[in-house]
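> For reference, the structure I am asking about is given below.
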Amino acid sequence: MSMKELKSDGFTGFRPIKTLETNRVPNRQGLFAILRPADFTPKFLTKSTAGVFKKKDPSLSVAELSERWVDSAQILYLGKAGPGSQGNRGLRIQLKEIIDFGAGKPPGHWDSRLLWQLGGVGKLMIAWKELPAQELNAALSEYQARFIEEHGQLPYANLVQSRR
């Protein structure tokens, strides 16, 4: 699965993390992907820049990170942003929280933590696709299944496979 395929599937954005203006991200629910540009070579950091979650260090060993890396893949993470229990969440809030997590703030989630052990993470791109809440789980599961079919494993920073 490539950036070109995501664009043809209706993903938009494709902004580098370091220049993403989260107030320009839609506030509706949807899927998002974090991708590496063509010239990105992984440099694994020994210590994550991510915030601590429930007193746990988000860092993995460089050997573990290296083992998870999929050299042939552009996509590093696939995620979803639902409406939340109050109906006031969506892509904008979810992506802001992920970026804040990478900046060392305590997270409300543990996913995406492997992204923050990459040197040059600000060059990674974020793309999104708005979808109705009732379609999110099935759509994320389908994208992950396509990735696994092509690469034999989940994207680098996805630790858990989505269920339908």
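To be explicit about the labels: the chains of the structure tokens are called A, B, and onward in the order shown, and within each one the residues are counted from 1, while ligands get numbers from 1 in the order they are shown.
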Find the residues of region 145-164 of chain A that sit at most 12 Å from region 19-34 of chain A; for each, write down the nearest two atoms and how far apart they are in Å, to one decimal. Count only C-alpha atoms. Sort by chain, then by number going up, and give it as a tab-separated table.

```
residue	atom	partner	partner_atom	distance
A:Phe147	CA	A:Ala33	CA	11.9
A:Pro155	CA	A:Ile34	CA	9.7
A:Tyr156	CA	A:Ile34	CA	10.3
A:Ala157	CA	A:Ile34	CA	9.3
A:Asn158	CA	A:Ile34	CA	10.6
```
> I'd like to know which of A:Gln134, A:Ala50, A:Ala63, A:Ala127 is closest to Ser2 (chain A), using only C-alpha atoms.
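Checking each of A:Gln134, A:Ala50, A:Ala63, A:Ala127 against Ser2 (chain A), counting only C-alpha atoms, the winner is A:Ala127.
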> Counting only C-alpha atoms, which residue out of A:Val52, A:Leu60, A:Ile99, A:Ile75 sits closest to Tyr143 (chain A)?
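For Tyr143 (chain A), the nearest of the candidates is A:Ile75.
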> Could you tell me how far CA of Ala133 (chain A) lies from CA of Ala145 (chain A), in Å and to one decimal?
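It comes out at 19.4 Å.
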> Return the single residue from A:Gln86, A:Gly152, A:Pro106, A:Ala139 that is closest to Lys54 (chain A), with distances computed using only C-alpha atoms.
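For Lys54 (chain A), the nearest of the given residues is A:Pro106.
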> So, counting only C-alpha atoms, which residue among A:Lys129, A:Arg36, A:Lys105, A:Arg15 is closest to Asp71 (chain A)?
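With only C-alpha atoms as the atom set, the closest residue is A:Arg36.
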> Show which residues sit within 10 Å of Val70 (chain A), as a ChimeraX atom specification. Count only C-alpha atoms, and ignore same-chain residues fewer than 2 positions away.
/A:66-68,72-76,151-156
